[in-house]
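File shown: input.txt. Contents: compact mmCIF, C-alpha atoms.
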# COMPACT_ATOMS: atom_id res chain seq x y z
CA MET A 1 43.25 -5.59 0.79
CA ILE A 2 43.56 -1.94 -0.10
CA PHE A 3 42.24 -0.50 -3.34
CA GLU A 4 44.30 2.30 -4.84
CA ASP A 5 42.12 5.40 -5.27
CA LYS A 6 40.79 5.78 -8.78
CA GLN A 7 38.92 8.72 -10.27
CA ILE A 8 36.14 7.98 -12.75
CA THR A 9 33.91 10.22 -14.84
CA LEU A 10 30.22 9.45 -14.59
CA LYS A 11 27.75 9.53 -17.47
CA ASP A 12 26.46 12.90 -16.25
CA GLY A 13 29.97 14.40 -16.28
CA ARG A 14 30.53 14.39 -12.53
CA THR A 15 33.64 12.90 -11.02
CA ALA A 16 33.57 10.00 -8.57
CA ILE A 17 36.32 8.38 -6.57
CA LEU A 18 36.59 4.63 -6.08
CA LYS A 19 38.60 3.74 -2.98
CA SER A 20 38.81 1.42 -0.01
CA PRO A 21 36.38 2.30 2.77
CA CYS A 22 37.92 4.44 5.54
CA VAL A 23 37.48 4.04 9.30
CA GLU A 24 36.61 7.72 9.62
CA ASP A 25 33.64 7.10 7.31
CA ALA A 26 32.12 4.33 9.46
CA ASP A 27 29.06 6.43 10.30
CA LYS A 28 28.57 7.36 6.63
CA LEU A 29 28.94 3.68 5.65
CA LEU A 30 26.24 2.63 8.12
CA ASN A 31 23.87 5.36 6.93
CA TYR A 32 24.56 4.41 3.32
CA ILE A 33 23.80 0.70 3.76
CA LYS A 34 20.65 1.37 5.77
CA LYS A 35 19.41 3.81 3.13
CA SER A 36 20.32 1.40 0.34
CA CYS A 37 18.43 -1.47 1.99
CA GLY A 38 15.39 0.77 2.35
CA GLU A 39 15.32 1.75 -1.32
CA THR A 40 14.85 -1.72 -2.77
CA ASP A 41 13.73 -5.24 -1.92
CA PHE A 42 16.72 -6.57 -3.86
CA LEU A 43 19.22 -6.49 -0.99
CA THR A 44 19.30 -9.24 1.62
CA ARG A 45 18.35 -7.13 4.65
CA TYR A 46 15.89 -4.48 5.71
CA PRO A 47 17.34 -1.22 7.16
CA GLU A 48 16.24 -2.07 10.70
CA GLU A 49 18.28 -5.27 10.60
CA TRP A 50 21.50 -3.21 10.67
CA GLU A 51 21.84 -3.00 14.43
CA ILE A 52 25.61 -2.59 14.59
CA THR A 53 27.31 0.36 16.21
CA VAL A 54 29.71 2.81 14.61
CA GLU A 55 32.48 1.13 16.62
CA GLN A 56 31.54 -2.27 15.16
CA GLU A 57 31.52 -0.76 11.67
CA GLU A 58 34.97 0.72 12.32
CA ALA A 59 36.22 -2.73 13.34
CA TRP A 60 34.71 -4.20 10.17
CA VAL A 61 36.47 -1.58 8.03
CA ASN A 62 39.78 -2.35 9.76
CA ARG A 63 39.32 -6.10 9.19
CA LEU A 64 38.40 -5.50 5.55
CA ARG A 65 41.41 -3.26 4.92
CA SER A 66 43.81 -5.75 6.53
CA SER A 67 42.31 -8.90 5.00
CA PRO A 68 44.41 -10.66 2.35
CA ASN A 69 41.25 -12.34 1.02
CA THR A 70 38.70 -9.52 0.74
CA LEU A 71 38.65 -6.21 -1.09
CA GLY A 72 36.04 -3.52 -0.55
CA ILE A 73 35.59 -0.59 -2.91
CA THR A 74 33.46 2.42 -2.01
CA CYS A 75 32.29 5.02 -4.53
CA TYR A 76 32.33 8.62 -3.33
CA ILE A 77 30.66 11.51 -5.13
CA ASP A 78 31.19 14.94 -3.57
CA SER A 79 32.37 13.21 -0.34
CA GLU A 80 29.11 11.24 -0.13
CA ILE A 81 28.91 7.46 -0.47
CA ALA A 82 27.08 6.47 -3.65
CA GLY A 83 27.76 2.73 -3.60
CA ASN A 84 30.08 -0.04 -2.64
CA CYS A 85 31.16 -3.48 -3.72
CA GLU A 86 33.19 -6.33 -2.32
CA ILE A 87 35.10 -9.33 -3.58
CA SER A 88 35.95 -12.24 -1.28
CA PHE A 89 38.43 -14.94 -2.19
CA ARG A 90 37.81 -18.41 -0.81
CA GLY A 91 40.39 -20.41 1.03
CA GLY A 92 40.96 -24.12 1.03
CA MET A 93 42.40 -26.34 -1.63
CA LYS A 94 39.03 -27.33 -3.08
CA THR A 95 37.47 -23.86 -3.32
CA SER A 96 40.32 -21.36 -3.68
CA HIS A 97 39.63 -21.07 -7.43
CA ARG A 98 36.31 -19.30 -6.65
CA THR A 99 35.54 -15.77 -5.54
CA THR A 100 32.27 -14.14 -4.48
CA ILE A 101 31.22 -10.58 -5.26
CA ALA A 102 28.47 -8.23 -4.11
CA ILE A 103 27.45 -4.68 -5.03
CA ALA A 104 24.94 -2.02 -3.96
CA ILE A 105 24.37 1.50 -5.29
CA LEU A 106 22.00 4.14 -3.94
CA LYS A 107 19.02 4.82 -6.20
CA ASP A 108 20.03 8.46 -6.78
CA TYR A 109 23.18 7.19 -8.47
CA TRP A 110 21.73 4.48 -10.72
CA ASN A 111 22.44 4.69 -14.47
CA LEU A 112 25.62 6.74 -14.06
CA GLY A 113 28.13 3.96 -14.82
CA ILE A 114 29.17 3.25 -11.24
CA GLY A 115 28.22 -0.43 -11.42
CA THR A 116 30.14 -0.86 -14.67
CA ALA A 117 33.23 0.85 -13.23
CA MET A 118 33.08 -1.27 -10.09
CA PHE A 119 32.61 -4.51 -12.03
CA LYS A 120 35.66 -3.74 -14.16
CA GLU A 121 37.72 -3.36 -10.97
CA LEU A 122 36.29 -6.53 -9.40
CA ILE A 123 37.06 -8.58 -12.51
CA ALA A 124 40.59 -7.15 -12.76
CA THR A 125 41.18 -7.97 -9.09
CA ALA A 126 39.89 -11.51 -9.53
CA GLN A 127 42.16 -12.03 -12.54
CA ASN A 128 45.17 -10.56 -10.73
CA GLN A 129 44.57 -12.89 -7.78
CA GLY A 130 44.35 -15.95 -10.05
CA ALA A 131 40.66 -16.69 -9.51
CA GLU A 132 39.05 -18.95 -12.08
CA ILE A 133 35.36 -18.47 -11.27
CA MET A 134 33.50 -15.38 -10.03
CA GLU A 135 30.16 -15.94 -8.31
CA LEU A 136 27.24 -13.77 -7.22
CA GLU A 137 23.60 -13.99 -6.24
CA PHE A 138 20.68 -11.71 -7.01
CA ILE A 139 17.05 -11.58 -6.00
CA GLU A 140 14.17 -12.27 -8.37
CA GLY A 141 12.95 -9.16 -10.17
CA ASN A 142 16.27 -7.31 -10.06
CA ASP A 143 16.46 -7.10 -13.84
CA ARG A 144 18.75 -4.05 -13.82
CA ALA A 145 21.39 -5.93 -11.86
CA ARG A 146 20.96 -9.07 -13.95
CA HIS A 147 21.56 -7.02 -17.11
CA LEU A 148 24.79 -5.62 -15.62
CA TYR A 149 25.98 -9.09 -14.64
CA GLU A 150 25.20 -10.56 -18.05
CA LYS A 151 26.96 -7.63 -19.73
CA PHE A 152 30.13 -8.79 -17.98
CA GLY A 153 29.70 -12.43 -18.95
CA PHE A 154 27.98 -13.86 -15.88
CA ARG A 155 25.62 -16.73 -16.62
CA LEU A 156 22.70 -18.05 -14.61
CA VAL A 157 23.48 -21.48 -13.13
CA SER A 158 20.78 -22.10 -10.51
CA GLU A 159 17.72 -20.84 -8.69
CA LYS A 160 16.68 -21.15 -5.04
CA PRO A 161 12.90 -20.82 -5.06
CA ASN A 162 11.31 -18.81 -2.22
CA ALA A 163 14.72 -17.92 -0.76
CA PHE A 164 13.48 -14.52 0.48
CA LYS A 165 10.21 -13.57 2.16
CA LEU A 166 9.26 -9.90 2.13
CA LYS A 167 7.34 -8.12 4.87
CA ASP A 168 4.16 -8.31 2.78
CA GLY A 169 4.47 -12.10 2.58
CA THR A 170 5.74 -12.20 -1.01
CA TYR A 171 8.31 -14.91 -1.71
CA LEU A 172 11.18 -14.23 -4.12
CA SER A 173 13.72 -16.60 -5.60
CA GLU A 174 17.45 -16.14 -5.37
CA PHE A 175 19.46 -16.66 -8.55
CA TYR A 176 23.08 -17.76 -8.62
CA MET A 177 25.43 -16.71 -11.43
CA GLN A 178 29.02 -17.50 -12.38
CA LYS A 179 31.62 -16.00 -14.68
CA TYR A 180 34.51 -18.15 -15.83
CA LEU A 181 37.80 -16.30 -16.08
CA CYS A 182 39.54 -19.20 -17.81
CA GLU A 183 38.73 -22.41 -19.64
CA ILE A 184 37.64 -25.14 -17.22
Do you think you could lay out the structure here as structure tokens?
Amino acid sequence: MIFEDKQITLKDGRTAILKSPCVEDADKLLNYIKKSCGETDFLTRYPEEWEITVEQEEAWVNRLRSSPNTLGITCYIDSEIAGNCEISFRGGMKTSHRTTIAIAILKDYWNLGIGTAMFKELIATAQNQGAEIMELEFIEGNDRARHLYEKFGFRLVSEKPNAFKLKDGTYLSEFYMQKYLCEI
């Protein structure tokens, strides 16, 4: 799926552009995700676990852009990647009413309204595609993200204890949330 470019104004007055990731930005996308994973324990991988090549990232961008079931949105500020999000629609008769979302924003760009802008677009996309339930997971301790999710009507439905083990041996739970887009 392709996201039509959208300009947003951030809380600090700067302008950002939300758009589909571009093949020519594959190297920037890889650097962004590695940096993002190194800034917090609340993403599912460490930076060194991203062992893919620029060519593999280009192929991923091409698959994403041509997929009828997945939409990626990247936030650019002054031509730099500040964050990204993704929504994936399930197939199959029993699960096609559900969609999964994910989001990550670099620490330098927290508290500027990027997450809120992205969530508005994800919810609109889900509604336009006829999804009934949006789903996401977050890691224990990520209270900032949980607040954003709850602001948009997501509710905690389950916990997976000790789902993540950090390098220092600390175990963290994974929490699962849902948002209903219609009465079920």
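Nearest to Ser20 (chain A) of all the residues A:Cys85, A:Met93, A:Leu43, A:Met177 is A:Cys85, counting all atoms listed in the file.
Residues with at least one atom no more than 6 Å from (42.9, -7.7, -3.1), using only C-alpha atoms, are Met1, Thr70 and Leu71 of chain A.
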Expected residue set, 12 Å radius at (43.1, -13.6, -10.6), all atoms listed in the file, as a VMD selection string: chain A and resid 69 87 to 89 96 to 99 121 to 134 180 to 182
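Of note, CA of Tyr149 (chain A) and CA of Ala16 (chain A) are spaced 21.4 Å apart.
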Contacts of Asp5 (chain A) within 12 Å, only C-alpha atoms, excl. fewer than 3 positions in-chain, as a PyMOL selection string: chain A and resi 2+8+16-22+72-76+121
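Across the model, the gap from CA of Glu39 (chain A) to CA of Lys167 (chain A) is 14.1 Å.
Among the candidates A:Thr170, A:Thr95, A:Thr100, A:Thr44, the residue lying nearest to Ile139 (chain A) is A:Thr44 (atoms considered: all atoms listed in the file).
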Residues within 7 Å of Asn162 (chain A), all atoms listed in the file, excluding chain neighbours under 6 positions, as a ChimeraX atom specification: /A:171-173
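The nearest approach to Ile103 (chain A) among the residues A:Asp41, A:Glu174, A:Asp12, A:Glu137, with all atoms listed in the file taken into account, belongs to A:Glu137.
Counting only C-alpha atoms, the residue from A:Ile77, A:Leu166, A:Leu29, A:Cys37 that sits nearest to Glu57 (chain A) is A:Leu29.
Closest to Lys160 (chain A) among A:Gln7, A:His147, A:Phe175, A:Tyr46 is A:Phe175, based on all atoms listed in the file.
Taking CA of Arg45 (chain A) and CA of Lys165 (chain A) as the two end points, the separation is 10.7 Å.
The nearest approach to Asn62 (chain A) among the residues A:Glu135, A:Asp78, A:Asp25, A:Asp108, with all atoms listed in the file taken into account, belongs to A:Asp25.
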Selection: 10 Å around Glu24 (chain A), all atoms listed in the file, excl. self and same-chain fewer than 3 positions, as a PyMOL selection string: chain A and resi 21+27-29+54+58+61
Spatial neighbours of Ile105 (chain A), max dist 7 Å, all atoms listed in the file, sep filter under 3 positions, as number ranges by chain: A: 36, 82-84, 109-110
